[in-house]
file protein_20.txt (compact mmCIF, C-alpha atoms (C1' of nucleotides))
# COMPACT_ATOMS: atom_id res chain seq x y z
CA MET A 232 11.40 -4.78 -25.13
CA ALA A 233 13.00 -1.44 -25.77
CA LYS A 234 14.05 -0.69 -29.31
CA ASP A 235 17.53 0.46 -28.43
CA GLY A 236 17.44 0.37 -24.66
CA GLU A 237 18.03 4.09 -24.45
CA ARG A 238 15.90 4.59 -21.37
CA ARG A 239 17.16 1.39 -19.88
CA GLU A 240 20.70 2.62 -20.22
CA ALA A 241 19.78 5.98 -18.73
CA TRP A 242 18.20 4.28 -15.71
CA THR A 243 20.96 1.78 -14.97
CA GLY A 244 23.22 4.34 -13.31
CA PRO A 245 20.64 5.93 -10.99
CA ALA A 246 19.15 2.52 -10.23
CA THR A 247 22.58 1.32 -9.19
CA ASP A 248 23.01 4.35 -6.96
CA TYR A 249 19.67 3.58 -5.36
CA VAL A 250 20.49 -0.07 -4.75
CA LEU A 251 23.93 0.78 -3.40
CA GLU A 252 22.28 3.04 -0.89
CA HIS A 253 19.20 1.04 0.04
CA GLY A 254 20.49 -2.49 -0.32
CA LEU A 255 19.67 -5.34 -2.62
CA ILE A 256 18.00 -7.77 -0.29
CA GLY A 257 14.73 -6.01 0.36
CA LEU A 258 14.73 -4.35 -3.03
CA SER A 259 11.27 -3.58 -4.32
CA LEU A 260 10.39 -2.19 -7.70
CA ARG A 261 7.87 0.41 -6.62
CA PRO A 262 10.11 2.48 -4.31
CA LEU A 263 12.96 2.21 -6.78
CA ALA A 264 10.71 3.39 -9.58
CA LYS A 265 9.52 6.29 -7.48
CA ALA A 266 13.12 7.31 -6.81
CA LEU A 267 13.76 7.26 -10.55
CA GLY A 268 10.65 9.31 -11.21
CA THR A 269 8.82 6.52 -13.00
CA SER A 270 6.69 3.49 -12.26
CA ASP A 271 7.33 -0.20 -11.74
CA ARG A 272 5.39 -0.74 -14.92
CA MET A 273 8.01 1.21 -16.87
CA LEU A 274 10.96 -0.50 -15.22
CA LEU A 275 9.58 -3.86 -16.15
CA TYR A 276 8.79 -2.72 -19.66
CA HIS A 277 12.35 -1.55 -20.30
CA PHE A 278 14.28 -4.12 -18.28
CA GLY A 279 11.98 -7.05 -18.92
CA THR A 280 12.18 -8.59 -15.48
CA LYS A 281 13.27 -7.70 -11.98
CA ASP A 282 16.07 -10.23 -12.31
CA ASP A 283 17.28 -8.54 -15.48
CA LEU A 284 17.26 -5.20 -13.70
CA VAL A 285 19.22 -6.65 -10.79
CA ALA A 286 21.69 -8.16 -13.23
CA ALA A 287 22.21 -4.77 -14.85
CA VAL A 288 22.69 -3.11 -11.47
CA LEU A 289 25.12 -5.75 -10.25
CA THR A 290 27.15 -5.49 -13.42
CA GLU A 291 27.22 -1.72 -13.21
CA SER A 292 28.35 -1.79 -9.60
CA ASN A 293 31.03 -4.32 -10.40
CA ASP A 294 32.20 -2.27 -13.37
CA ARG A 295 32.62 0.74 -11.13
CA ALA A 296 34.71 -1.16 -8.62
CA VAL A 297 36.84 -2.74 -11.32
CA ALA A 298 37.35 0.64 -12.98
CA ALA A 299 38.48 2.08 -9.65
CA VAL A 300 41.11 -0.63 -9.30
CA GLU A 301 42.22 -0.19 -12.88
CA SER A 302 42.65 3.52 -12.42
CA LEU A 303 45.09 2.85 -9.59
CA SER A 304 48.67 3.65 -10.45
CA PRO A 305 51.11 0.78 -9.83
CA SER A 306 52.26 0.31 -6.26
CA PRO A 307 55.99 0.15 -5.43
CA ASP A 308 55.82 -3.27 -3.83
CA LEU A 309 53.49 -6.07 -2.81
CA ARG A 310 52.82 -4.74 0.64
CA SER A 311 51.75 -1.34 -0.50
CA ALA A 312 49.81 -2.90 -3.35
CA VAL A 313 47.63 -4.65 -0.77
CA LEU A 314 47.21 -1.44 1.16
CA ASP A 315 46.37 0.50 -1.98
CA LEU A 316 43.81 -2.07 -3.02
CA TRP A 317 42.21 -1.91 0.38
CA SER A 318 42.10 1.86 0.19
CA VAL A 319 39.92 1.38 -2.87
CA ALA A 320 37.73 -1.29 -1.34
CA ASP A 321 37.30 0.76 1.82
CA ASN A 322 36.79 4.02 -0.03
CA SER A 323 33.48 5.57 0.91
CA GLN A 324 32.59 5.62 -2.76
CA PHE A 325 33.32 1.99 -3.49
CA ALA A 326 32.70 0.30 -0.16
CA PRO A 327 28.99 0.15 -1.03
CA CYS A 328 29.95 -1.85 -4.12
CA THR A 329 31.62 -4.43 -1.92
CA ARG A 330 28.62 -4.35 0.38
CA LEU A 331 26.32 -4.92 -2.54
CA TYR A 332 28.52 -7.78 -3.63
CA VAL A 333 28.18 -9.35 -0.20
CA GLU A 334 24.42 -9.01 -0.36
CA ALA A 335 24.30 -10.64 -3.76
CA ALA A 336 26.62 -13.37 -2.58
CA ALA A 337 24.43 -14.03 0.43
CA LEU A 338 21.43 -14.27 -1.87
CA GLY A 339 23.33 -16.70 -4.06
CA LEU A 340 24.66 -18.75 -1.17
CA LEU A 341 22.14 -21.52 -1.63
CA GLY A 342 22.39 -21.49 -5.38
CA ARG A 343 19.46 -19.15 -5.88
CA GLU A 344 19.49 -17.83 -9.40
CA PRO A 345 20.27 -15.47 -10.97
CA TYR A 346 22.36 -14.33 -8.02
CA ALA A 347 24.74 -17.29 -7.88
CA SER A 348 25.76 -16.95 -11.52
CA LEU A 349 25.89 -13.17 -11.44
CA VAL A 350 28.07 -13.12 -8.37
CA SER A 351 30.35 -15.80 -9.68
CA GLU A 352 30.89 -13.85 -12.88
CA ALA A 353 31.34 -10.56 -11.07
CA ASN A 354 33.83 -12.17 -8.75
CA GLY A 355 35.84 -13.38 -11.72
CA ARG A 356 36.16 -9.90 -13.17
CA TRP A 357 36.94 -8.42 -9.78
CA LEU A 358 39.68 -10.95 -9.03
CA ALA A 359 41.15 -10.39 -12.46
CA SER A 360 41.43 -6.68 -11.80
CA LEU A 361 43.18 -7.37 -8.50
CA VAL A 362 45.62 -9.70 -10.22
CA THR A 363 46.29 -7.10 -12.88
CA HIS A 364 47.09 -4.47 -10.29
CA LEU A 365 49.47 -6.82 -8.51
CA THR A 366 51.30 -7.69 -11.71
CA ARG A 367 51.48 -4.01 -12.67
CA SER A 368 53.09 -3.56 -9.27
CA GLY A 369 55.83 -6.02 -10.15
CA VAL A 370 54.39 -9.21 -8.71
CA ASP A 371 54.80 -12.45 -10.60
CA ARG A 372 51.57 -13.32 -12.34
CA PRO A 373 51.28 -16.86 -10.89
CA LEU A 374 52.07 -15.53 -7.44
CA ALA A 375 49.55 -12.72 -7.86
CA ARG A 376 46.87 -15.17 -8.86
CA ARG A 377 47.65 -17.21 -5.81
CA LEU A 378 47.73 -14.41 -3.28
CA VAL A 379 44.64 -12.72 -4.59
CA THR A 380 42.44 -15.44 -3.13
CA VAL A 381 43.59 -14.69 0.38
CA ILE A 382 43.54 -10.95 -0.14
CA ASP A 383 40.04 -10.88 -1.52
CA ALA A 384 38.70 -13.21 1.14
CA ALA A 385 40.13 -11.02 3.88
CA PHE A 386 38.76 -7.90 2.21
CA LEU A 387 35.26 -9.34 2.19
CA GLY A 388 35.54 -10.25 5.83
CA PHE A 389 36.86 -6.82 6.74
CA GLN A 390 34.01 -5.23 4.89
CA LEU A 391 31.50 -7.26 6.85
CA ASP A 392 33.23 -6.29 10.06
CA ALA A 393 33.31 -2.67 9.04
CA ALA A 394 29.57 -2.52 8.59
CA LEU A 395 28.72 -4.28 11.82
CA ASP A 396 31.42 -3.11 14.13
CA ALA A 397 32.41 0.39 15.01
CA SER A 398 35.98 -0.35 16.04
CA GLY A 399 37.94 0.85 13.04
CA THR A 400 41.30 0.76 14.79
CA THR A 401 41.33 -3.01 15.24
CA ARG A 402 40.54 -3.42 11.57
CA LYS A 403 43.17 -0.93 10.57
CA ARG A 404 45.83 -3.00 12.25
CA ALA A 405 44.35 -6.15 10.78
CA VAL A 406 44.70 -4.67 7.29
CA ALA A 407 48.31 -3.79 8.01
CA ASP A 408 48.85 -7.30 9.34
CA LEU A 409 47.37 -8.73 6.20
CA ALA A 410 49.62 -6.60 4.04
CA ASP A 411 52.67 -7.65 6.04
CA ALA A 412 51.70 -11.29 5.94
CA VAL A 413 51.04 -11.29 2.21
CA ALA A 414 54.29 -9.46 1.56
CA GLU A 415 56.07 -12.11 3.61
CA LEU A 416 54.44 -14.81 1.51
CA GLY A 417 55.67 -13.14 -1.65
CA SER A 418 59.31 -13.16 -0.71
CA MET B 204 3.66 -16.02 25.90
CA ALA B 205 4.55 -19.55 26.82
CA LYS B 206 4.50 -20.41 30.50
CA ASP B 207 7.89 -22.03 30.60
CA GLY B 208 8.84 -22.06 26.95
CA GLU B 209 8.92 -25.84 26.83
CA ARG B 210 7.63 -26.07 23.30
CA ARG B 211 9.69 -23.13 22.25
CA GLU B 212 12.80 -24.83 23.50
CA ALA B 213 11.85 -28.05 21.76
CA TRP B 214 11.37 -26.22 18.47
CA THR B 215 14.54 -24.15 18.54
CA GLY B 216 16.78 -27.03 17.48
CA PRO B 217 14.73 -28.28 14.53
CA ALA B 218 13.97 -24.72 13.47
CA THR B 219 17.69 -24.02 13.40
CA ASP B 220 18.25 -27.14 11.31
CA TYR B 221 15.62 -25.94 8.88
CA VAL B 222 17.08 -22.45 8.59
CA LEU B 223 20.60 -23.81 8.19
CA GLU B 224 19.36 -25.86 5.28
CA HIS B 225 16.97 -23.45 3.60
CA GLY B 226 18.59 -20.16 4.38
CA LEU B 227 17.61 -17.15 6.41
CA ILE B 228 16.98 -14.55 3.76
CA GLY B 229 13.80 -15.88 2.22
CA LEU B 230 12.65 -17.44 5.47
CA SER B 231 8.89 -17.69 5.77
CA LEU B 232 6.96 -18.86 8.78
CA ARG B 233 4.49 -21.12 7.01
CA PRO B 234 6.94 -23.54 5.36
CA LEU B 235 9.05 -23.61 8.50
CA ALA B 236 5.99 -24.39 10.59
CA LYS B 237 5.00 -27.14 8.19
CA ALA B 238 8.46 -28.68 8.49
CA LEU B 239 8.08 -28.64 12.26
CA GLY B 240 4.65 -30.20 12.04
CA THR B 241 2.82 -27.15 13.33
CA SER B 242 1.43 -23.86 12.11
CA ASP B 243 2.70 -20.32 11.83
CA ARG B 244 0.10 -19.44 14.42
CA MET B 245 1.81 -21.69 16.96
CA LEU B 246 5.30 -20.46 16.15
CA LEU B 247 4.20 -16.90 16.75
CA TYR B 248 2.40 -17.85 19.90
CA HIS B 249 5.44 -19.49 21.43
CA PHE B 250 8.17 -17.27 20.03
CA GLY B 251 6.22 -14.04 20.08
CA THR B 252 7.52 -12.62 16.85
CA LYS B 253 9.37 -13.72 13.76
CA ASP B 254 12.30 -11.61 14.88
CA ASP B 255 12.37 -13.39 18.21
CA LEU B 256 12.35 -16.72 16.44
CA VAL B 257 15.21 -15.63 14.20
CA ALA B 258 17.12 -14.44 17.23
CA ALA B 259 16.70 -17.85 18.87
CA VAL B 260 17.82 -19.62 15.70
CA LEU B 261 20.83 -17.37 15.23
CA THR B 262 21.89 -17.85 18.82
CA GLU B 263 21.48 -21.60 18.57
CA SER B 264 23.53 -21.75 15.39
CA ASN B 265 26.23 -19.62 16.92
CA ASP B 266 26.26 -21.76 20.05
CA ARG B 267 26.83 -24.84 17.96
CA ALA B 268 29.77 -23.30 16.12
CA VAL B 269 31.30 -22.00 19.32
CA ALA B 270 30.87 -25.39 20.97
CA ALA B 271 32.63 -27.03 18.05
CA VAL B 272 35.62 -24.72 18.46
CA GLU B 273 35.66 -25.25 22.20
CA SER B 274 35.68 -29.01 21.79
CA LEU B 275 38.84 -28.72 19.72
CA SER B 276 41.92 -30.00 21.49
CA PRO B 277 44.81 -27.52 21.59
CA SER B 278 46.91 -27.28 18.47
CA PRO B 279 50.70 -27.68 18.63
CA ASP B 280 51.46 -24.29 17.12
CA LEU B 281 49.92 -21.21 15.58
CA ARG B 282 50.00 -22.49 12.04
CA SER B 283 48.19 -25.69 12.79
CA ALA B 284 45.80 -23.81 15.05
CA VAL B 285 44.65 -21.81 12.04
CA LEU B 286 44.30 -24.98 9.98
CA ASP B 287 42.39 -26.72 12.76
CA LEU B 288 40.05 -23.79 13.14
CA TRP B 289 39.40 -23.78 9.43
CA SER B 290 38.70 -27.49 9.50
CA VAL B 291 35.89 -26.66 11.91
CA ALA B 292 34.58 -23.74 9.90
CA ASP B 293 34.72 -25.76 6.69
CA ASN B 294 33.30 -28.90 8.27
CA SER B 295 30.16 -29.98 6.47
CA GLN B 296 28.33 -29.82 9.77
CA PHE B 297 29.35 -26.32 10.74
CA ALA B 298 29.88 -24.63 7.40
CA PRO B 299 26.15 -23.95 7.26
CA CYS B 300 26.51 -22.03 10.51
CA THR B 301 29.06 -19.76 8.89
CA ARG B 302 26.81 -19.46 5.88
CA LEU B 303 23.91 -18.51 8.10
CA TYR B 304 26.11 -15.97 9.79
CA VAL B 305 26.92 -14.43 6.41
CA GLU B 306 23.24 -14.24 5.56
CA ALA B 307 22.46 -12.53 8.83
CA ALA B 308 25.37 -10.19 8.36
CA ALA B 309 24.16 -9.28 4.89
CA LEU B 310 20.74 -8.57 6.32
CA GLY B 311 22.31 -6.40 8.98
CA LEU B 312 24.65 -4.61 6.60
CA LEU B 313 22.51 -1.50 6.42
CA GLY B 314 21.75 -1.51 10.09
CA ARG B 315 18.48 -3.38 9.78
CA GLU B 316 17.41 -4.62 13.15
CA PRO B 317 17.40 -7.05 14.81
CA TYR B 318 20.01 -8.51 12.50
CA ALA B 319 22.73 -5.94 13.06
CA SER B 320 22.69 -6.34 16.83
CA LEU B 321 22.31 -10.11 16.72
CA VAL B 322 25.21 -10.52 14.33
CA SER B 323 27.39 -8.17 16.27
CA GLU B 324 26.76 -10.11 19.45
CA ALA B 325 27.23 -13.47 17.75
CA ASN B 326 30.45 -12.27 16.22
CA GLY B 327 31.74 -11.30 19.64
CA ARG B 328 31.17 -14.77 21.07
CA TRP B 329 32.62 -16.42 17.98
CA LEU B 330 35.77 -14.30 18.01
CA ALA B 331 36.19 -14.99 21.72
CA SER B 332 36.11 -18.73 21.07
CA LEU B 333 38.75 -18.35 18.38
CA VAL B 334 40.95 -16.36 20.73
CA THR B 335 40.52 -18.99 23.41
CA HIS B 336 41.60 -21.74 21.07
CA LEU B 337 44.67 -19.80 20.03
CA THR B 338 45.70 -19.14 23.63
CA ARG B 339 45.09 -22.78 24.52
CA SER B 340 47.47 -23.53 21.66
CA GLY B 341 50.18 -21.47 23.27
CA VAL B 342 49.66 -18.13 21.58
CA ASP B 343 49.99 -14.96 23.57
CA ARG B 344 46.58 -13.58 24.40
CA PRO B 345 47.20 -10.08 23.00
CA LEU B 346 48.68 -11.56 19.85
CA ALA B 347 45.77 -13.98 19.55
CA ARG B 348 43.29 -11.15 19.84
CA ARG B 349 45.14 -9.28 17.15
CA LEU B 350 45.50 -12.12 14.67
CA VAL B 351 41.95 -13.32 15.09
CA THR B 352 40.63 -10.34 13.17
CA VAL B 353 42.54 -11.32 10.06
CA ILE B 354 41.81 -15.01 10.48
CA ASP B 355 38.10 -14.55 10.89
CA ALA B 356 37.85 -12.11 8.00
CA ALA B 357 39.62 -14.53 5.70
CA PHE B 358 37.44 -17.40 6.88
CA LEU B 359 34.30 -15.48 6.02
CA GLY B 360 35.66 -14.68 2.59
CA PHE B 361 36.68 -18.28 1.99
CA GLN B 362 33.25 -19.42 2.99
CA LEU B 363 31.65 -17.08 0.47
CA ASP B 364 34.02 -18.35 -2.18
CA ALA B 365 33.32 -21.93 -1.25
CA ALA B 366 29.63 -21.53 -1.80
CA LEU B 367 29.91 -19.73 -5.09
CA ASP B 368 32.95 -21.31 -6.63
CA ALA B 369 33.63 -24.92 -7.30
CA SER B 370 37.40 -24.72 -7.31
CA GLY B 371 38.29 -26.15 -3.93
CA THR B 372 41.98 -26.56 -4.73
CA THR B 373 42.63 -22.85 -5.09
CA ARG B 374 40.98 -22.25 -1.76
CA LYS B 375 42.86 -25.08 -0.13
CA ARG B 376 46.13 -23.45 -1.01
CA ALA B 377 44.78 -20.09 0.06
CA VAL B 378 43.98 -21.53 3.49
CA ALA B 379 47.48 -22.93 3.73
CA ASP B 380 48.86 -19.57 2.67
CA LEU B 381 46.82 -17.86 5.34
CA ALA B 382 48.09 -20.26 7.97
CA ASP B 383 51.68 -19.69 6.86
CA ALA B 384 51.25 -15.96 6.76
CA VAL B 385 49.65 -15.79 10.19
CA ALA B 386 52.30 -18.05 11.63
CA GLU B 387 54.92 -15.73 10.19
CA LEU B 388 53.20 -12.76 11.82
CA GLY B 389 53.30 -14.52 15.16
CA SER B 390 57.03 -15.07 15.20
C1' DG C 119 -4.75 9.87 -43.57
C1' DA C 120 -4.40 4.96 -42.30
C1' DC C 121 -1.45 1.85 -39.95
C1' DG C 122 1.72 -0.74 -37.35
C1' DA C 123 5.31 -0.36 -33.89
C1' DT C 124 6.87 1.59 -29.73
C1' DG C 125 6.00 3.72 -25.55
C1' DT C 126 3.14 5.06 -21.30
C1' DG C 127 -0.56 5.44 -17.50
C1' DT C 128 -4.28 3.06 -14.75
C1' DA C 129 -5.91 -0.40 -12.54
C1' DG C 130 -5.76 -4.74 -10.95
C1' DC C 131 -4.57 -9.85 -10.34
C1' DA C 132 -2.90 -13.71 -7.82
C1' DG C 133 0.20 -14.86 -4.56
C1' DT C 134 2.73 -14.23 -0.36
C1' DT C 135 3.92 -12.03 3.99
C1' DG C 136 3.66 -11.39 9.34
C1' DC C 137 0.27 -11.25 12.33
C1' DT C 138 -4.41 -11.45 14.78
C1' DA C 139 -9.50 -11.99 16.16
C1' DC C 140 -12.34 -15.47 17.62
C1' DA C 141 -13.80 -19.63 19.30
C1' DG C 142 -12.92 -23.88 21.35
C1' DA C 143 -10.08 -27.18 23.94
C1' DT C 144 -7.58 -28.68 28.01
C1' DA C 145 -6.18 -28.81 32.52
C1' DA C 146 -5.21 -26.97 37.09
C1' DG C 147 -6.74 -24.66 41.21
C1' DT C 148 -10.55 -23.42 44.32
C1' DA D 287 -18.57 -27.72 39.54
C1' DC D 288 -16.78 -23.30 38.31
C1' DT D 289 -13.43 -20.35 37.22
C1' DT D 290 -9.13 -19.14 35.34
C1' DA D 291 -4.98 -19.56 32.70
C1' DT D 292 -2.71 -21.84 29.13
C1' DC D 293 -2.88 -23.63 24.68
C1' DT D 294 -4.39 -24.58 19.77
C1' DG D 295 -7.07 -24.61 15.22
C1' DT D 296 -9.63 -21.83 11.62
C1' DA D 297 -10.09 -18.19 9.13
C1' DG D 298 -8.88 -13.99 7.68
C1' DC D 299 -6.85 -9.12 7.40
C1' DA D 300 -4.09 -5.54 5.41
C1' DA D 301 -0.01 -4.81 3.16
C1' DC D 302 3.06 -5.90 -0.13
C1' DT D 303 5.24 -8.55 -4.09
C1' DG D 304 6.31 -9.11 -9.34
C1' DC D 305 3.83 -8.82 -13.08
C1' DT D 306 0.07 -7.97 -16.68
C1' DA D 307 -4.34 -6.71 -19.30
C1' DC D 308 -6.22 -2.86 -21.36
C1' DA D 309 -6.68 1.48 -23.17
C1' DC D 310 -4.50 5.45 -24.90
C1' DA D 311 -0.87 8.23 -26.90
C1' DT D 312 2.82 9.13 -30.10
C1' DC D 313 5.36 8.65 -34.27
C1' DG D 314 7.58 7.27 -38.49
C1' DT D 315 6.11 5.01 -42.97
C1' DC D 316 3.46 3.90 -46.93
call {"tool": "encode", "arguments": {"input": "protein_20.txt", "output": "structure tokens"}}
result
Amino acid sequence: MAKDGERREAWTGPATDYVLEHGLIGLSLRPLAKALGTSDRMLLYHFGTKDDLVAAVLTESNDRAVAAVESLSPSPDLRSAVLDLWSVADNSQFAPCTRLYVEAAALGLLGREPYASLVSEANGRWLASLVTHLTRSGVDRPLARRLVTVIDAAFLGFQLDAALDASGTTRKRAVADLADAVAELGS
Amino acid sequence: MAKDGERREAWTGPATDYVLEHGLIGLSLRPLAKALGTSDRMLLYHFGTKDDLVAAVLTESNDRAVAAVESLSPSPDLRSAVLDLWSVADNSQFAPCTRLYVEAAALGLLGREPYASLVSEANGRWLASLVTHLTRSGVDRPLARRLVTVIDAAFLGFQLDAALDASGTTRKRAVADLADAVAELGS
DNA sequence: GACGATGTGTAGCAGTTGCTACAGATAAGT
DNA sequence: ACTTATCTGTAGCAACTGCTACACATCGTC
């Protein structure tokens, strides 16, 4: 294993970019290695295992999404907080992170490891960042924790829709509906 | 190709059962064939292609879910309609159908065919059945069409949660919240 | 300068994948 | 009985998978 993981660290970012673009499900080491200008042999030497590499990529992607939410300035109220959060999730830069999350979740659906654990952990950090943004926007912490389940579930569904369905207008209204509905719940 | 698809038809059901249990993503013809008491050779002969087989399975699974929704008796109001629909989606018999749908959607996320088209078509029929149930429960058709986007998105998200997270109580409240919120939107 | 540790390239293994060539079976139609 | 179309089993192909054995390079240390 690498002495200090220097190369490993240097590869994690580009590897994540590659996976975000090409998807996780059919991921193969050789094309990825080629894109990074190296060989599968080297990837395995520095990451140890394909699963370890995937874990690093998933964590990196999750970190990016969480950082994006954390960099959000507080929203004036609950309704706009939901809209602001969606604007992050739907952002062309971070939507692939959600997509990757969905892929990993699908892989973990039947308990397949390491995906199930990875996704569960990633989900925890992601939900926590949503809760934090809601509280920073003036929402009660217990209420935020409660609403975040619905919000996140709807976001995932919207993201799936977005990728498979062209009709963005329907979804736009659905997002607004969600924001209204959640705001109603919070009052 | 088969003269009248008799064997193909006879295999579609069991094959769907197998895929619902073992998942779509890692699906391989040889184990499936073994479970059906035949060989991959025969599956390909009668279905033509693995993609064709998957298409048949996906359609069958979708048909089952749609049939379950259609067999639902009308709900007294919008709120209970949402809860009743969820009780179908979360049913131990039909939850695997949703799970399979998520797997197919994940496979189609990057436009990979035939998954993207199949999922898009399946989604259309599924959404239509949800709309029908809402209208049969006294909801305005335009309103039903509008709300169904949010409802379905949240359902998908819940289903992902359900598979990856043990905590059923949180989700139970989230479902109730969703029902409340949607009911509020409809009034 | 010898030596061990760390890194890298080549080549290949064993397993799996969807799919197919080939030969034989079966049965229906003439 | 002979042909023709439908069906099925065996065996295998070519491509790909994650991963590894082996040889070579490089480098800091004694």
call {"tool": "residues_around", "arguments": {"input": "protein_20.txt", "residues": "segment 303-315 of chain D", "least_positions_apart": "5", "cutoff": "10 Å", "atoms": "all atoms listed in the file", "output": "count of residues only"}}
result
23
call {"tool": "closest_atom_pairs", "arguments": {"input": "protein_20.txt", "of": "chain A", "to": "chain B", "cutoff": "7 Å", "atoms": "all atoms listed in the file", "output": "JSON lines"}}
result
{"residue": "A:Val333", "atom": "CA", "partner": "B:Ala309", "partner_atom": "CA", "distance": 6.5}
{"residue": "A:Glu334", "atom": "CA", "partner": "B:Ala309", "partner_atom": "CA", "distance": 5.3}
{"residue": "A:Ala336", "atom": "CA", "partner": "B:Leu363", "partner_atom": "CA", "distance": 7.0}
{"residue": "A:Ala337", "atom": "CA", "partner": "B:Glu306", "partner_atom": "CA", "distance": 5.3}
{"residue": "A:Leu340", "atom": "CA", "partner": "B:Ala366", "partner_atom": "CA", "distance": 5.7}
{"residue": "A:Ala347", "atom": "CA", "partner": "B:Leu367", "partner_atom": "CA", "distance": 6.4}
{"residue": "A:Ser351", "atom": "CA", "partner": "B:Leu367", "partner_atom": "CA", "distance": 6.1}
{"residue": "A:Thr380", "atom": "CA", "partner": "B:Ala377", "partner_atom": "CA", "distance": 6.1}
{"residue": "A:Val381", "atom": "CA", "partner": "B:Ala377", "partner_atom": "CA", "distance": 5.5}
{"residue": "A:Ala384", "atom": "CA", "partner": "B:Gly360", "partner_atom": "CA", "distance": 3.7}
{"residue": "A:Ala385", "atom": "CA", "partner": "B:Ala357", "partner_atom": "CA", "distance": 4.0}
{"residue": "A:Leu387", "atom": "CA", "partner": "B:Gly360", "partner_atom": "CA", "distance": 5.4}
{"residue": "A:Gly388", "atom": "CA", "partner": "B:Ala356", "partner_atom": "CA", "distance": 3.7}
{"residue": "A:Phe389", "atom": "CA", "partner": "B:Ala356", "partner_atom": "CA", "distance": 5.5}
{"residue": "A:Leu391", "atom": "CA", "partner": "B:Ala308", "partner_atom": "CA", "distance": 7.0}
{"residue": "A:Ala394", "atom": "CA", "partner": "B:Leu312", "partner_atom": "CA", "distance": 5.7}
{"residue": "A:Leu395", "atom": "CA", "partner": "B:Ser323", "partner_atom": "CA", "distance": 6.1}
{"residue": "A:Asp396", "atom": "CA", "partner": "B:Ser323", "partner_atom": "CA", "distance": 6.8}
{"residue": "A:Ala405", "atom": "CA", "partner": "B:Val353", "partner_atom": "CA", "distance": 5.5}
{"residue": "A:Leu409", "atom": "CA", "partner": "B:Val353", "partner_atom": "CA", "distance": 6.7}
{"residue": "A:Ala412", "atom": "CA", "partner": "B:Ala384", "partner_atom": "CA", "distance": 4.8}
{"residue": "A:Val413", "atom": "CA", "partner": "B:Ala384", "partner_atom": "CA", "distance": 6.5}
{"residue": "A:Glu415", "atom": "CA", "partner": "B:Ala384", "partner_atom": "CA", "distance": 6.9}
{"residue": "A:Leu416", "atom": "CA", "partner": "B:Ala384", "partner_atom": "CA", "distance": 6.2}
call {"tool": "residues_around", "arguments": {"input": "protein_20.txt", "residues": "DA139 of chain C", "least_positions_apart": "3", "cutoff": "10 Å", "atoms": "only C-alpha atoms (C1' of nucleotides)", "output": "PyMOL selection string"}}
result
chain D and resi 297-299
call {"tool": "atom_distance", "arguments": {"input": "protein_20.txt", "atom1": "atom CA of Pro305 of chain A", "atom2": "atom CA of Val370 of chain A"}}
result
10.6 Å
call {"tool": "axis_aligned_box", "arguments": {"input": "protein_20.txt", "around": "segment 287-297 of chain D", "padding_each_side": "4 Å", "output": "JSON"}}
result
{"center_x": -10.6, "center_y": -23.0, "center_z": 24.3, "size_x": 23.9, "size_y": 17.5, "size_z": 38.4}
